[in-house]
Amino acid sequence: MVVLGSKVYVTGDARERALDGLRGLVTDRFGDLDVEFDIGHREDDFPVVTVTGPDEVVARNVLREEFGEVVPTHEAGETYVGTLDSWDDDGFVLDAGPAGDVQIPAENLELGQGTPHQIRKRFGLVQHLPLRFVAGSEPRLADEEVDRLYDWKRGGDHGNGRVNTNSATRSEVRATVNKSGHAQDIVTVERLGLLEMSIICNPDTDAPGLLSDIGRFMPSELLAVVP
């Protein structure tokens with residue numbers, strides 16, 4: 001059993017669509033592995049994938065690589081995953097599932113100057129976004145996480161801006177971009193979590209402008225990342 005490091009926090013039909021999308025994603029990732037699996041979710045909204053079969057160990061490692069895994073306890077100096085739950089002047093609070101909330105002090109975010117509120121918006125950190133951290137008496141964002149977020153601000157290899165969103169599946173985000181008439185203005189929709197996506201703009205597309213145009217079609221939090 002693997003408790004995935006991403007959350008399904010929507011309800012009703014939206015939750016069923018999200019879990020159906022997860023089933024399809026897991027099926028694709030397992031490929032030709034000889035396993036059977038079942039998907040459920042805990043009361044804290046973290047999905048659980050139970051895997052059985054000759055290739056179950058490999059399959060579980062595939063899930064951990066793709067989503068990370070929330071675990072009951074943390075060891076100092078080791079890297080884990082949590083989801084962005086809240087933020088204030090003291091820093092970020094990550095929901096780490098059975099291990100409880102993890103407070104990342106503002107000075108340990110290592111994402112440049114500004115308050116946690118300003119940093120969150122500058123880097124497009126929508127609520128519930130999975131983030132990797134290093135456990136300890138004063139937890140910090142993991143180096144690979146800091147590098148990833150700075151790469152967003154640099155615009156990757158081609159100076160691309162982004163619009164990050166939550167509370168929607170990848171297919172729903174793609175449909176919204178098409179509906180708003182911007183299909184030709186984006187490169188792709190990158191999956192950040194189960195319901196957290198990043199719309200990668202063409203180099204000549206204005207990310208805040210795209211956000212403004214699609215915002216009326218999406219009941220989600222949207223944040224633009226401008227290189």
# chains A, B, ... in the order shown; residues from 1 in each chain; ligands from 1

call {"tool": "select_by_dssp", "arguments": {"residues": "region 2-224 of chain A", "states": "helix (DSSP H, G or I)", "output": "PyMOL selection string"}}
result
chain A and resi 12-30+56-67+97-99+106-108+116-122+143-154+170-179+183-185+207-215

call {"tool": "select_by_dssp", "arguments": {"residues": "region 56-220 of chain A", "states": "strand (DSSP E)", "output": "PyMOL selection string"}}
result
chain A and resi 79-88+91-95+101-105+130-134+140-141+162-165+186-191+197-201

call {"tool": "residues_around", "arguments": {"residues": "Ser6 (chain A)", "least_positions_apart": "4", "cutoff": "8 Å", "atoms": "only C-alpha atoms", "output": "CSV table (one decimal) with N, CA and C atoms, in the first residue's frame"}}
result
chain,number,residue,atom,x,y,z
A,46,PHE,N,-5.8,12.0,1.3
A,46,PHE,CA,-4.7,11.4,0.6
A,46,PHE,C,-5.1,10.1,0.0
A,47,PRO,N,-4.9,9.9,-1.3
A,47,PRO,CA,-5.3,8.7,-2.0
A,47,PRO,C,-4.4,7.5,-1.6
A,67,PHE,N,4.6,10.3,-7.5
A,67,PHE,CA,3.8,11.2,-6.6
A,67,PHE,C,4.5,11.5,-5.2
A,68,GLY,N,5.5,10.8,-4.9
A,68,GLY,CA,6.0,10.8,-3.5
A,68,GLY,C,5.0,10.0,-2.6
A,82,GLY,N,4.9,16.9,1.2
A,82,GLY,CA,3.7,17.4,1.9
A,82,GLY,C,3.0,18.3,0.9
A,83,THR,N,1.8,18.7,1.2
A,83,THR,CA,1.0,19.6,0.3
A,83,THR,C,0.9,20.9,1.0
A,128,HIS,N,-2.5,23.4,-1.8
A,128,HIS,CA,-2.5,21.9,-2.0
A,128,HIS,C,-1.3,21.4,-3.0
A,129,LEU,N,-0.5,22.3,-3.5
A,129,LEU,CA,0.6,21.9,-4.3
A,129,LEU,C,1.5,21.0,-3.5
A,130,PRO,N,1.9,19.8,-4.1
A,130,PRO,CA,2.9,19.0,-3.4
A,130,PRO,C,4.3,19.7,-3.4
A,193,GLY,N,0.4,17.8,-9.4
A,193,GLY,CA,-0.2,16.9,-8.4
A,193,GLY,C,-1.4,16.3,-9.1
A,194,LEU,N,-2.3,15.7,-8.3
A,194,LEU,CA,-3.5,15.0,-8.8
A,194,LEU,C,-4.4,16.1,-9.3

call {"tool": "closest_residue", "arguments": {"among": "A:Gly161, A:Pro139, A:Val126, A:Asp206", "to": "Leu222 (chain A)", "atoms": "only C-alpha atoms"}}
result
A:Val126

call {"tool": "residues_around", "arguments": {"residues": "Ala18 (chain A)", "least_positions_apart": "3", "cutoff": "12 Å", "atoms": "only C-alpha atoms", "output": "PyMOL selection string"}}
result
chain A and resi 6-15+21-25+39-41+45+47+166-172+193-196

call {"tool": "write_last_selection", "arguments": {"atoms": "N, CA and C atoms", "output": "tab-separated table (two decimals), in the first residue's frame"}}
result
chain	number	residue	atom	x	y	z
A	6	SER	N	-0.09	13.45	-2.71
A	6	SER	CA	-0.95	14.44	-3.35
A	6	SER	C	-2.35	14.18	-2.84
A	7	LYS	N	-3.25	15.18	-2.96
A	7	LYS	CA	-4.55	15.05	-2.30
A	7	LYS	C	-5.70	15.13	-3.31
A	8	VAL	N	-6.81	14.47	-2.93
A	8	VAL	CA	-8.06	14.60	-3.67
A	8	VAL	C	-9.05	15.28	-2.71
A	9	TYR	N	-9.06	16.61	-2.72
A	9	TYR	CA	-9.78	17.38	-1.71
A	9	TYR	C	-11.12	17.90	-2.22
A	10	VAL	N	-11.49	17.53	-3.45
A	10	VAL	CA	-12.79	17.92	-3.97
A	10	VAL	C	-13.82	16.86	-3.58
A	11	THR	N	-15.11	17.17	-3.79
A	11	THR	CA	-16.16	16.25	-3.38
A	11	THR	C	-17.10	15.96	-4.54
A	12	GLY	N	-18.00	14.99	-4.33
A	12	GLY	CA	-19.04	14.68	-5.30
A	12	GLY	C	-18.49	14.17	-6.62
A	13	ASP	N	-19.11	14.62	-7.72
A	13	ASP	CA	-18.69	14.18	-9.05
A	13	ASP	C	-17.25	14.55	-9.34
A	14	ALA	N	-16.82	15.70	-8.82
A	14	ALA	CA	-15.44	16.13	-9.06
A	14	ALA	C	-14.44	15.13	-8.47
A	15	ARG	N	-14.77	14.59	-7.30
A	15	ARG	CA	-13.89	13.59	-6.69
A	15	ARG	C	-13.85	12.32	-7.53
A	21	GLY	N	-9.38	9.69	-13.09
A	21	GLY	CA	-8.15	10.13	-13.74
A	21	GLY	C	-6.93	9.48	-13.12
A	22	LEU	N	-6.94	9.32	-11.80
A	22	LEU	CA	-5.83	8.66	-11.12
A	22	LEU	C	-5.73	7.20	-11.56
A	23	ARG	N	-6.86	6.52	-11.69
A	23	ARG	CA	-6.83	5.12	-12.15
A	23	ARG	C	-6.18	5.02	-13.53
A	24	GLY	N	-6.58	5.92	-14.42
A	24	GLY	CA	-5.98	5.91	-15.75
A	24	GLY	C	-4.49	6.20	-15.71
A	25	LEU	N	-4.10	7.15	-14.88
A	25	LEU	CA	-2.68	7.50	-14.75
A	25	LEU	C	-1.87	6.33	-14.21
A	39	ILE	N	-7.72	1.53	-5.78
A	39	ILE	CA	-7.52	2.91	-5.36
A	39	ILE	C	-8.64	3.32	-4.40
A	40	GLY	N	-8.26	3.92	-3.29
A	40	GLY	CA	-9.21	4.49	-2.35
A	40	GLY	C	-8.67	5.81	-1.84
A	41	HIS	N	-9.29	6.35	-0.81
A	41	HIS	CA	-8.76	7.58	-0.23
A	41	HIS	C	-9.05	7.59	1.26
A	45	ASP	N	-8.01	12.87	2.85
A	45	ASP	CA	-8.02	13.14	1.40
A	45	ASP	C	-6.79	12.67	0.65
A	47	PRO	N	-4.91	9.92	-1.33
A	47	PRO	CA	-5.30	8.67	-1.97
A	47	PRO	C	-4.37	7.52	-1.57
A	166	ASN	N	-5.29	24.90	-9.31
A	166	ASN	CA	-5.65	23.74	-8.48
A	166	ASN	C	-7.11	23.39	-8.70
A	167	SER	N	-7.55	22.31	-8.06
A	167	SER	CA	-8.96	21.87	-8.06
A	167	SER	C	-9.48	21.50	-9.45
A	168	ALA	N	-8.62	21.01	-10.33
A	168	ALA	CA	-9.07	20.60	-11.67
A	168	ALA	C	-8.16	19.50	-12.19
A	169	THR	N	-8.74	18.56	-12.95
A	169	THR	CA	-7.94	17.52	-13.58
A	169	THR	C	-7.24	18.09	-14.81
A	170	ARG	N	-6.28	17.34	-15.32
A	170	ARG	CA	-5.55	17.80	-16.49
A	170	ARG	C	-6.47	17.97	-17.70
A	171	SER	N	-7.40	17.04	-17.87
A	171	SER	CA	-8.31	17.14	-19.01
A	171	SER	C	-9.23	18.35	-18.86
A	172	GLU	N	-9.65	18.66	-17.63
A	172	GLU	CA	-10.49	19.83	-17.41
A	172	GLU	C	-9.74	21.12	-17.72
A	193	GLY	N	0.39	17.78	-9.43
A	193	GLY	CA	-0.21	16.90	-8.43
A	193	GLY	C	-1.43	16.28	-9.06
A	194	LEU	N	-2.26	15.65	-8.27
A	194	LEU	CA	-3.47	15.04	-8.83
A	194	LEU	C	-4.43	16.10	-9.35
A	195	LEU	N	-4.54	17.23	-8.65
A	195	LEU	CA	-5.46	18.29	-9.04
A	195	LEU	C	-4.76	19.64	-9.15
A	196	GLU	N	-3.45	19.62	-9.26
A	196	GLU	CA	-2.67	20.85	-9.41
A	196	GLU	C	-1.92	20.76	-10.73

call {"tool": "atom_distance", "arguments": {"atom1": "CA of Val58 (chain A)", "atom2": "CA of Phe133 (chain A)"}}
result
24.2 Å

call {"tool": "residues_around", "arguments": {"residues": "Asp32 (chain A)", "least_positions_apart": "6", "cutoff": "12 Å", "atoms": "only C-alpha atoms", "output": "count of residues only"}}
result
6

call {"tool": "residues_around", "arguments": {"residues": "Asn160 (chain A)", "least_positions_apart": "6", "cutoff": "10 Å", "atoms": "only C-alpha atoms", "output": "PyMOL selection string"}}
result
chain A and resi 152-154+186-187+199-207+225-227

call {"tool": "closest_residue", "arguments": {"among": "A:Trp87, A:Asp34, A:Val102, A:Asp143", "to": "Gln118 (chain A)", "atoms": "only C-alpha atoms"}}
result
A:Trp87

call {"tool": "atom_distance", "arguments": {"atom1": "CA of Leu131 (chain A)", "atom2": "CA of Asp38 (chain A)"}}
result
25.3 Å

call {"tool": "residues_around", "arguments": {"residues": "Arg174 (chain A)", "least_positions_apart": "4", "cutoff": "12 Å", "atoms": "only C-alpha atoms", "output": "MDAnalysis selection string"}}
result
chainID A and resid 165 168:170 178:191 197:200 214 217:218

call {"tool": "atom_distance", "arguments": {"atom1": "CA of Asp151 (chain A)", "atom2": "CA of Ile104 (chain A)"}}
result
20.7 Å

call {"tool": "closest_residue", "arguments": {"among": "A:Ile119, A:Leu111, A:Leu125, A:Ala135", "to": "Ala96 (chain A)", "atoms": "only C-alpha atoms"}}
result
A:Ala135

call {"tool": "closest_residue", "arguments": {"among": "A:Gly53, A:Gly155, A:Gly5, A:Gly100", "to": "Glu66 (chain A)", "atoms": "only C-alpha atoms"}}
result
A:Gly5

call {"tool": "closest_residue", "arguments": {"among": "A:Ala106, A:Pro208, A:Thr79, A:Gly114", "to": "Arg132 (chain A)", "atoms": "only C-alpha atoms"}}
result
A:Thr79

call {"tool": "closest_residue", "arguments": {"among": "A:Val163, A:Leu4, A:Leu19, A:Val134", "to": "Gly97 (chain A)", "atoms": "only C-alpha atoms"}}
result
A:Leu4
